[in-house]
>>> print(open('final.pdb').read())   # PDB, C-alpha atoms and all ligand atoms
ATOM      1  CA  MET V   1       4.453  12.758  31.270  1.00  0.00           C
ATOM      2  CA  TYR V   2       7.164  14.584  29.363  1.00  0.00           C
ATOM      3  CA  VAL V   3       5.800  14.345  25.847  1.00  0.00           C
ATOM      4  CA  GLY V   4       7.386  17.002  23.657  1.00  0.00           C
ATOM      5  CA  LEU V   5      10.596  17.397  25.634  1.00  0.00           C
ATOM      6  CA  PRO V   6      13.776  16.031  24.054  1.00  0.00           C
ATOM      7  CA  HIS V   7      15.338  12.989  25.688  1.00  0.00           C
ATOM      8  CA  LEU V   8      18.554  11.264  24.753  1.00  0.00           C
ATOM      9  CA  PHE V   9      17.803   7.530  24.621  1.00  0.00           C
ATOM     10  CA  VAL V  10      20.364   4.990  25.780  1.00  0.00           C
ATOM     11  CA  ARG V  11      18.917   1.655  24.716  1.00  0.00           C
ATOM     12  CA  PHE V  12      20.004  -1.465  26.568  1.00  0.00           C
ATOM     13  CA  TRP V  13      19.970  -4.912  25.031  1.00  0.00           C
ATOM     14  CA  ASN V  14      17.737  -7.727  26.275  1.00  0.00           C
ATOM     15  CA  CYS V  15      14.668  -7.911  28.471  1.00  0.00           C
ATOM     16  CA  ASN V  16      13.265 -10.280  31.098  1.00  0.00           C
ATOM     17  CA  MET V  17       9.765 -10.057  29.576  1.00  0.00           C
ATOM     18  CA  ASN V  18       8.221 -10.828  26.219  1.00  0.00           C
ATOM     19  CA  CYS V  19       5.258  -8.501  25.672  1.00  0.00           C
ATOM     20  CA  HIS V  20       3.339  -9.316  22.508  1.00  0.00           C
ATOM     21  CA  TYR V  21       3.164  -5.631  21.501  1.00  0.00           C
ATOM     22  CA  CYS V  22       6.890  -4.986  22.038  1.00  0.00           C
ATOM     23  CA  ASP V  23       8.235  -2.660  19.331  1.00  0.00           C
ATOM     24  CA  THR V  24      11.909  -2.911  20.271  1.00  0.00           C
ATOM     25  CA  ASP V  25      14.283  -5.342  18.588  1.00  0.00           C
ATOM     26  CA  PHE V  26      16.159  -5.768  21.858  1.00  0.00           C
ATOM     27  CA  ARG V  27      17.356  -9.275  21.078  1.00  0.00           C
ATOM     28  CA  GLY V  28      18.677  -8.321  17.656  1.00  0.00           C
ATOM     29  CA  PRO V  29      22.084  -6.912  16.724  1.00  0.00           C
ATOM     30  CA  TYR V  30      23.700  -4.732  19.349  1.00  0.00           C
ATOM     31  CA  GLN V  31      26.751  -2.580  19.752  1.00  0.00           C
ATOM     32  CA  GLU V  32      29.028  -3.460  22.648  1.00  0.00           C
ATOM     33  CA  ILE V  33      30.356  -0.295  24.200  1.00  0.00           C
ATOM     34  CA  SER V  34      32.497   0.486  27.240  1.00  0.00           C
ATOM     35  CA  SER V  35      31.304   2.855  29.940  1.00  0.00           C
ATOM     36  CA  LYS V  36      33.994   5.336  28.874  1.00  0.00           C
ATOM     37  CA  GLU V  37      32.886   5.177  25.222  1.00  0.00           C
ATOM     38  CA  LEU V  38      29.252   5.636  26.185  1.00  0.00           C
ATOM     39  CA  LEU V  39      30.010   8.658  28.369  1.00  0.00           C
ATOM     40  CA  GLU V  40      31.986  10.189  25.484  1.00  0.00           C
ATOM     41  CA  GLU V  41      29.126   9.500  23.063  1.00  0.00           C
ATOM     42  CA  ILE V  42      26.608  11.085  25.420  1.00  0.00           C
ATOM     43  CA  GLN V  43      28.804  14.177  25.714  1.00  0.00           C
ATOM     44  CA  THR V  44      29.031  14.354  21.917  1.00  0.00           C
ATOM     45  CA  GLN V  45      25.245  14.087  21.598  1.00  0.00           C
ATOM     46  CA  ILE V  46      24.704  16.771  24.246  1.00  0.00           C
ATOM     47  CA  HIS V  47      27.140  19.026  22.412  1.00  0.00           C
ATOM     48  CA  THR V  48      25.632  18.478  18.945  1.00  0.00           C
ATOM     49  CA  SER V  49      21.903  17.977  19.697  1.00  0.00           C
ATOM     50  CA  GLY V  50      21.362  18.993  23.322  1.00  0.00           C
ATOM     51  CA  PRO V  51      20.552  20.165  25.804  1.00  0.00           C
ATOM     52  CA  PHE V  52      18.172  17.350  26.671  1.00  0.00           C
ATOM     53  CA  HIS V  53      15.503  17.356  29.317  1.00  0.00           C
ATOM     54  CA  ALA V  54      16.903  14.000  30.466  1.00  0.00           C
ATOM     55  CA  ILE V  55      19.081  11.047  29.624  1.00  0.00           C
ATOM     56  CA  SER V  56      16.562   8.243  29.213  1.00  0.00           C
ATOM     57  CA  LEU V  57      17.708   4.735  30.166  1.00  0.00           C
ATOM     58  CA  THR V  58      15.528   2.383  28.212  1.00  0.00           C
ATOM     59  CA  GLY V  59      15.627  -0.927  26.391  1.00  0.00           C
ATOM     60  CA  GLY V  60      14.897  -3.774  26.509  1.00  0.00           C
ATOM     61  CA  GLU V  61      15.159  -3.554  30.269  1.00  0.00           C
ATOM     62  CA  PRO V  62      17.940  -1.282  31.542  1.00  0.00           C
ATOM     63  CA  LEU V  63      17.802  -2.768  35.055  1.00  0.00           C
ATOM     64  CA  LEU V  64      19.369  -5.961  33.692  1.00  0.00           C
ATOM     65  CA  TRP V  65      22.576  -3.870  33.475  1.00  0.00           C
ATOM     66  CA  THR V  66      23.025  -2.409  36.959  1.00  0.00           C
ATOM     67  CA  LYS V  67      26.760  -3.178  37.104  1.00  0.00           C
ATOM     68  CA  PHE V  68      27.293  -1.112  33.964  1.00  0.00           C
ATOM     69  CA  LEU V  69      24.870   1.601  35.089  1.00  0.00           C
ATOM     70  CA  LYS V  70      26.830   2.043  38.308  1.00  0.00           C
ATOM     71  CA  GLN V  71      29.850   2.851  36.141  1.00  0.00           C
ATOM     72  CA  ILE V  72      28.152   5.637  34.180  1.00  0.00           C
ATOM     73  CA  LEU V  73      25.479   7.198  36.392  1.00  0.00           C
ATOM     74  CA  PRO V  74      27.750   8.919  38.952  1.00  0.00           C
ATOM     75  CA  ASP V  75      29.559  10.727  36.105  1.00  0.00           C
ATOM     76  CA  LEU V  76      26.292  11.746  34.437  1.00  0.00           C
ATOM     77  CA  LYS V  77      24.956  13.087  37.728  1.00  0.00           C
ATOM     78  CA  ALA V  78      28.225  14.937  38.325  1.00  0.00           C
ATOM     79  CA  ALA V  79      27.640  16.530  34.914  1.00  0.00           C
ATOM     80  CA  LYS V  80      24.207  17.643  36.199  1.00  0.00           C
ATOM     81  CA  GLN V  81      22.208  15.459  33.821  1.00  0.00           C
ATOM     82  CA  THR V  82      18.684  14.404  34.749  1.00  0.00           C
ATOM     83  CA  ILE V  83      18.417  10.599  34.734  1.00  0.00           C
ATOM     84  CA  TYR V  84      15.124   9.124  33.581  1.00  0.00           C
ATOM     85  CA  LEU V  85      14.651   5.378  34.035  1.00  0.00           C
ATOM     86  CA  GLU V  86      12.149   3.633  31.789  1.00  0.00           C
ATOM     87  CA  THR V  87      11.496   0.171  33.178  1.00  0.00           C
ATOM     88  CA  ASN V  88       9.060  -2.694  33.197  1.00  0.00           C
ATOM     89  CA  GLY V  89       8.937  -2.408  36.987  1.00  0.00           C
ATOM     90  CA  THR V  90       9.663  -6.039  37.842  1.00  0.00           C
ATOM     91  CA  LEU V  91      13.187  -5.825  39.303  1.00  0.00           C
ATOM     92  CA  PRO V  92      12.968  -3.943  42.619  1.00  0.00           C
ATOM     93  CA  HIS V  93      16.342  -5.186  43.901  1.00  0.00           C
ATOM     94  CA  SER V  94      18.043  -3.798  40.815  1.00  0.00           C
ATOM     95  CA  LEU V  95      16.270  -0.470  41.249  1.00  0.00           C
ATOM     96  CA  ARG V  96      17.666  -0.189  44.783  1.00  0.00           C
ATOM     97  CA  GLU V  97      21.191  -0.608  43.402  1.00  0.00           C
ATOM     98  CA  ILE V  98      21.033   2.457  41.144  1.00  0.00           C
ATOM     99  CA  GLN V  99      18.339   4.504  42.866  1.00  0.00           C
ATOM    100  CA  PRO V 100      20.696   7.174  44.251  1.00  0.00           C
ATOM    101  CA  TRP V 101      21.462   8.405  40.740  1.00  0.00           C
ATOM    102  CA  VAL V 102      17.972   8.233  39.226  1.00  0.00           C
ATOM    103  CA  ASP V 103      15.744  11.328  39.171  1.00  0.00           C
ATOM    104  CA  ILE V 104      12.587  10.079  37.444  1.00  0.00           C
ATOM    105  CA  VAL V 105      11.209   6.530  37.432  1.00  0.00           C
ATOM    106  CA  ALA V 106       8.799   5.778  34.589  1.00  0.00           C
ATOM    107  CA  MET V 107       7.442   2.400  35.605  1.00  0.00           C
ATOM    108  CA  ASP V 108       5.350   0.126  33.439  1.00  0.00           C
ATOM    109  CA  ILE V 109       2.758  -2.262  34.799  1.00  0.00           C
ATOM    110  CA  LYS V 110       2.496  -5.371  32.636  1.00  0.00           C
ATOM    111  CA  PRO V 111      -0.779  -7.246  33.049  1.00  0.00           C
ATOM    112  CA  PRO V 112      -0.919 -10.915  31.983  1.00  0.00           C
ATOM    113  CA  SER V 113      -2.870 -10.056  28.816  1.00  0.00           C
ATOM    114  CA  ALA V 114       0.174  -8.066  27.641  1.00  0.00           C
ATOM    115  CA  THR V 115       2.837 -10.599  28.423  1.00  0.00           C
ATOM    116  CA  ALA V 116       1.106 -13.951  27.904  1.00  0.00           C
ATOM    117  CA  ASP V 117       3.100 -14.847  30.990  1.00  0.00           C
ATOM    118  CA  ARG V 118       2.435 -15.189  34.698  1.00  0.00           C
ATOM    119  CA  ALA V 119       1.237 -12.125  36.603  1.00  0.00           C
ATOM    120  CA  TYR V 120       3.894  -9.838  38.065  1.00  0.00           C
ATOM    121  CA  TRP V 121       1.661  -8.025  40.584  1.00  0.00           C
ATOM    122  CA  ALA V 122       3.878  -8.780  43.599  1.00  0.00           C
ATOM    123  CA  GLU V 123       7.033  -7.575  41.836  1.00  0.00           C
ATOM    124  CA  HIS V 124       5.232  -4.466  40.572  1.00  0.00           C
ATOM    125  CA  ALA V 125       3.956  -3.649  44.067  1.00  0.00           C
ATOM    126  CA  GLU V 126       7.389  -3.984  45.645  1.00  0.00           C
ATOM    127  CA  PHE V 127       8.945  -1.984  42.830  1.00  0.00           C
ATOM    128  CA  LEU V 128       6.486   0.904  43.094  1.00  0.00           C
ATOM    129  CA  LYS V 129       6.801   1.011  46.874  1.00  0.00           C
ATOM    130  CA  THR V 130      10.589   1.086  46.561  1.00  0.00           C
ATOM    131  CA  ALA V 131      10.483   3.909  43.995  1.00  0.00           C
ATOM    132  CA  ALA V 132       7.920   5.949  45.934  1.00  0.00           C
ATOM    133  CA  GLU V 133       9.725   5.589  49.259  1.00  0.00           C
ATOM    134  CA  SER V 134      12.929   6.852  47.684  1.00  0.00           C
ATOM    135  CA  GLY V 135      11.356  10.274  47.305  1.00  0.00           C
ATOM    136  CA  LYS V 136      12.187  10.301  43.583  1.00  0.00           C
ATOM    137  CA  GLU V 137       9.618  11.313  41.002  1.00  0.00           C
ATOM    138  CA  VAL V 138       7.665   8.278  39.852  1.00  0.00           C
ATOM    139  CA  PHE V 139       4.759   7.633  37.563  1.00  0.00           C
ATOM    140  CA  VAL V 140       3.114   4.507  36.232  1.00  0.00           C
ATOM    141  CA  LYS V 141       2.239   3.639  32.668  1.00  0.00           C
ATOM    142  CA  ILE V 142       0.193   0.721  31.408  1.00  0.00           C
ATOM    143  CA  VAL V 143       0.066  -0.031  27.704  1.00  0.00           C
ATOM    144  CA  VAL V 144      -3.496  -1.086  26.991  1.00  0.00           C
ATOM    145  CA  THR V 145      -4.662  -3.214  24.078  1.00  0.00           C
ATOM    146  CA  ALA V 146      -8.005  -4.417  22.774  1.00  0.00           C
ATOM    147  CA  GLN V 147      -7.360  -7.578  24.849  1.00  0.00           C
ATOM    148  CA  THR V 148      -6.853  -5.729  28.138  1.00  0.00           C
ATOM    149  CA  VAL V 149      -9.590  -6.663  30.591  1.00  0.00           C
ATOM    150  CA  LEU V 150     -11.208  -4.432  33.195  1.00  0.00           C
ATOM    151  CA  SER V 151     -10.071  -6.623  36.094  1.00  0.00           C
ATOM    152  CA  GLU V 152      -6.445  -5.967  35.122  1.00  0.00           C
ATOM    153  CA  ILE V 153      -7.022  -2.208  35.181  1.00  0.00           C
ATOM    154  CA  GLU V 154      -8.741  -2.545  38.545  1.00  0.00           C
ATOM    155  CA  GLN V 155      -5.821  -4.536  39.925  1.00  0.00           C
ATOM    156  CA  ALA V 156      -3.266  -2.044  38.605  1.00  0.00           C
ATOM    157  CA  VAL V 157      -5.235   0.877  40.029  1.00  0.00           C
ATOM    158  CA  ALA V 158      -5.540  -0.791  43.431  1.00  0.00           C
ATOM    159  CA  LEU V 159      -1.810  -1.442  43.407  1.00  0.00           C
ATOM    160  CA  VAL V 160      -1.016   2.234  42.739  1.00  0.00           C
ATOM    161  CA  ALA V 161      -3.656   3.523  45.150  1.00  0.00           C
ATOM    162  CA  GLY V 162      -2.203   1.257  47.857  1.00  0.00           C
ATOM    163  CA  VAL V 163       1.148   3.021  47.541  1.00  0.00           C
ATOM    164  CA  ASN V 164       0.007   6.601  46.895  1.00  0.00           C
ATOM    165  CA  PRO V 165      -3.123   7.729  44.990  1.00  0.00           C
ATOM    166  CA  ALA V 166      -1.271  10.875  43.893  1.00  0.00           C
ATOM    167  CA  ILE V 167       1.131   8.886  41.702  1.00  0.00           C
ATOM    168  CA  PRO V 168       0.271   9.752  38.079  1.00  0.00           C
ATOM    169  CA  PHE V 169      -1.262   6.837  36.170  1.00  0.00           C
ATOM    170  CA  ILE V 170      -1.052   6.787  32.384  1.00  0.00           C
ATOM    171  CA  LEU V 171      -3.137   4.632  30.079  1.00  0.00           C
ATOM    172  CA  GLN V 172      -1.274   4.261  26.808  1.00  0.00           C
ATOM    173  CA  PRO V 173      -3.317   2.764  23.942  1.00  0.00           C
ATOM    174  CA  VAL V 174      -1.161   0.476  21.833  1.00  0.00           C
ATOM    175  CA  THR V 175      -0.551   1.431  18.206  1.00  0.00           C
ATOM    176  CA  PRO V 176      -1.323  -1.350  15.698  1.00  0.00           C
ATOM    177  CA  TRP V 177       2.022  -2.598  14.424  1.00  0.00           C
ATOM    178  CA  GLY V 178       3.437  -6.027  13.567  1.00  0.00           C
ATOM    179  CA  ALA V 179       1.460  -8.656  15.475  1.00  0.00           C
ATOM    180  CA  VAL V 180      -0.849  -5.989  16.955  1.00  0.00           C
ATOM    181  CA  LYS V 181      -3.783  -5.564  14.593  1.00  0.00           C
ATOM    182  CA  GLU V 182      -6.132  -3.339  16.561  1.00  0.00           C
ATOM    183  CA  ARG V 183      -6.150  -0.630  19.169  1.00  0.00           C
ATOM    184  CA  PRO V 184      -8.504  -0.462  22.172  1.00  0.00           C
ATOM    185  CA  SER V 185     -11.782   1.275  21.448  1.00  0.00           C
ATOM    186  CA  ALA V 186     -12.698   4.731  22.726  1.00  0.00           C
ATOM    187  CA  GLU V 187     -15.364   3.065  24.900  1.00  0.00           C
ATOM    188  CA  GLN V 188     -12.794   0.745  26.498  1.00  0.00           C
ATOM    189  CA  LEU V 189     -10.447   3.657  27.164  1.00  0.00           C
ATOM    190  CA  GLU V 190     -13.174   5.717  28.762  1.00  0.00           C
ATOM    191  CA  GLN V 191     -14.278   2.827  30.972  1.00  0.00           C
ATOM    192  CA  TRP V 192     -10.697   2.225  32.136  1.00  0.00           C
ATOM    193  CA  ARG V 193     -10.033   5.956  32.657  1.00  0.00           C
ATOM    194  CA  ALA V 194     -13.200   6.369  34.752  1.00  0.00           C
ATOM    195  CA  THR V 195     -12.340   3.246  36.770  1.00  0.00           C
ATOM    196  CA  ALA V 196      -8.864   4.558  37.516  1.00  0.00           C
ATOM    197  CA  ARG V 197     -10.059   8.068  38.339  1.00  0.00           C
ATOM    198  CA  ARG V 198     -12.314   6.741  41.087  1.00  0.00           C
ATOM    199  CA  GLN V 199      -9.210   5.844  43.133  1.00  0.00           C
ATOM    200  CA  LEU V 200      -6.395   7.930  41.697  1.00  0.00           C
ATOM    201  CA  ASN V 201      -5.900  11.695  41.500  1.00  0.00           C
ATOM    202  CA  ASP V 202      -3.989  11.999  38.220  1.00  0.00           C
ATOM    203  CA  VAL V 203      -5.093   9.738  35.359  1.00  0.00           C
ATOM    204  CA  ARG V 204      -4.050  10.472  31.780  1.00  0.00           C
ATOM    205  CA  ILE V 205      -4.406   8.899  28.351  1.00  0.00           C
ATOM    206  CA  ILE V 206      -1.246   9.444  26.289  1.00  0.00           C
ATOM    207  CA  PRO V 207      -0.750   7.806  22.876  1.00  0.00           C
ATOM    208  CA  GLN V 208       2.508   6.213  21.747  1.00  0.00           C
ATOM    209  CA  VAL V 209       3.975   9.394  20.327  1.00  0.00           C
ATOM    210  CA  HIS V 210       7.173   7.660  19.183  1.00  0.00           C
ATOM    211  CA  ARG V 211       5.102   5.451  16.887  1.00  0.00           C
ATOM    212  CA  ILE V 212       3.090   8.411  15.553  1.00  0.00           C
ATOM    213  CA  LEU V 213       6.357  10.193  14.742  1.00  0.00           C
ATOM    214  CA  GLY V 214       8.063   7.077  13.387  1.00  0.00           C
ATOM    215  CA  VAL V 215      10.785   7.233  16.065  1.00  0.00           C
ATOM    216  CA  ARG V 216      12.190   3.868  17.233  1.00  0.00           C
TER     217      ARG V 216
HETATM  218  S1  LIG V 301       9.071  -5.009  28.936  1.00  0.00           S
HETATM  219 FE1  LIG V 301       9.297  -3.465  27.296  1.00  0.00          FE
HETATM  220  S2  LIG V 301      11.179  -4.078  26.194  1.00  0.00           S
HETATM  221 FE2  LIG V 301      10.534  -5.842  27.457  1.00  0.00          FE
HETATM  222  S3  LIG V 301       9.290  -7.109  26.079  1.00  0.00           S
HETATM  223 FE3  LIG V 301       7.883  -5.746  27.195  1.00  0.00          FE
HETATM  224  S4  LIG V 301       7.630  -3.936  25.870  1.00  0.00           S
HETATM  225 FE4  LIG V 301       9.452  -5.062  25.143  1.00  0.00          FE
END
>>> encode(input="final.pdb", output="C-alpha cells", more="lines below")
Ligand code: SF4
Amino acid sequence: MYVGLPHLFVRFWNCNMNCHYCDTDFRGPYQEISSKELLEEIQTQIHTSGPFHAISLTGGEPLLWTKFLKQILPDLKAAKQTIYLETNGTLPHSLREIQPWVDIVAMDIKPPSATADRAYWAEHAEFLKTAAESGKEVFVKIVVTAQTVLSEIEQAVALVAGVNPAIPFILQPVTPWGAVKERPSAEQLEQWRATARRQLNDVRIIPQVHRILGVR
C-alpha cells in the first residue's frame, strides 16, 4: 500500500510460522537490545536518514514480542511516529495488547499451500475482525505462489468480505529465490484478481519490491 515511501524497519527475531517462501533469516544470528537502546537507535536513524513515513515493526513475527513492544511504543507515539505493524495475522490476543499504539496493520493471510502447515483461517478471521473493529487502518496481503490454489483465494476473499469488503486486498506474487523456483503465471494472477474483485472493492497486485531492489 505504501510502496515508495521510506519506512524504518525494526526486525524482530523468531516466528510462529514456517512459510516455504520466507526470505527472512529470523532464526539466525540476532542482536539483543534493550528498549532504551532501541529507542536511541531509532532516534539516531530518524536524525540521519529520516523522516520516515512510519516505523515498521516486522520480523519474523513482531507480535511474539508484545512485552517488549509495550516498552517502546508509548515513547514512539509520544514522539509522533506512525507505527506500522507487519504481521502474519495469527495472534489476535497479542494484537489487542499493543493495538492502542499501532496506526496501520498490514496483515498477511497464510494459506496452507504457503505454510505446509494446518490452516489458520479461524485465527486470521479473529485477527482481522479485531484490527478492523479497532478503527485503525488495516489491509490484507497474501503472498501467492505457483502452488496457490483458487479455493484458497476464495476462502481468503470470503474472510475479508465477511469483515468489510472495503478492506484493501493485495495479491503479492512471490519472487523466485532459494527454494522458490517459479512465480505464479499472469493467467493465475488474473484469475485470482478477478475472483477477489467480485467480492471486494479494492484489489491490487503489488510485487515484492524489496526483492526487486535487493533490500532485505
Ligand atoms: S510468517 Fe513471515 S516471517 Fe514467518 S515464516 Fe512466514 S514469511 Fe517468514
>>> closest_residue(input="final.pdb", among="V:Glu32, V:Glu182, V:Glu152, V:Glu86", to="ligand LIG 301 (chain V)", atoms="all atoms listed in the file")
V:Glu86
>>> residues_around(input="final.pdb", residues="V:Gln45", least_positions_apart="6", cutoff="12 Å", atoms="all atoms listed in the file", output="PDB file with C-alpha atoms, keeping the file's coordinate frame")
ATOM      1  CA  PRO V   6      13.776  16.031  24.054  1.00  0.00           C
ATOM      2  CA  HIS V   7      15.338  12.989  25.688  1.00  0.00           C
ATOM      3  CA  LEU V   8      18.554  11.264  24.753  1.00  0.00           C
ATOM      4  CA  PHE V   9      17.803   7.530  24.621  1.00  0.00           C
ATOM      5  CA  VAL V  10      20.364   4.990  25.780  1.00  0.00           C
ATOM      6  CA  LEU V  38      29.252   5.636  26.185  1.00  0.00           C
ATOM      7  CA  LEU V  39      30.010   8.658  28.369  1.00  0.00           C
ATOM      8  CA  PRO V  51      20.552  20.165  25.804  1.00  0.00           C
ATOM      9  CA  PHE V  52      18.172  17.350  26.671  1.00  0.00           C
ATOM     10  CA  ILE V  55      19.081  11.047  29.624  1.00  0.00           C
TER      11      ILE V  55
END
>>> closest_residue(input="final.pdb", among="V:Thr145, V:Leu213, V:Arg198, V:Ile167", to="V:Ala186", atoms="only C-alpha atoms")
V:Thr145
>>> closest_residue(input="final.pdb", among="V:Ile83, V:Ala196, V:Met1, V:Val143", to="V:Cys22", atoms="all atoms listed in the file")
V:Val143
>>> residues_near_ligand(input="final.pdb", ligand="ligand LIG 301 (chain V)", cutoff="10 Å", atoms="all atoms listed in the file", output="JSON, numbers by chain")
{"V": [11, 12, 13, 14, 15, 16, 17, 18, 19, 20, 21, 22, 23, 24, 25, 26, 27, 58, 59, 60, 61, 62, 86, 87, 88, 89, 90, 108, 109, 110, 114, 115, 143]}
>>> closest_atom_pairs(input="final.pdb", of="stretch 49-70 of chain V", to="stretch 96-100 of chain V", cutoff="9 Å", atoms="all atoms listed in the file", output="JSON lines")
{"residue": "V:Leu63", "atom": "CA", "partner": "V:Ile98", "partner_atom": "CA", "distance": 8.6}
{"residue": "V:Thr66", "atom": "CA", "partner": "V:Ile98", "partner_atom": "CA", "distance": 6.7}
{"residue": "V:Lys67", "atom": "CA", "partner": "V:Glu97", "partner_atom": "CA", "distance": 8.8}
{"residue": "V:Leu69", "atom": "CA", "partner": "V:Ile98", "partner_atom": "CA", "distance": 7.2}
{"residue": "V:Lys70", "atom": "CA", "partner": "V:Ile98", "partner_atom": "CA", "distance": 6.5}
>>> closest_residue(input="final.pdb", among="V:Tyr84, V:Phe68, V:Val105, V:Arg197", to="V:Glu154", atoms="only C-alpha atoms")
V:Arg197
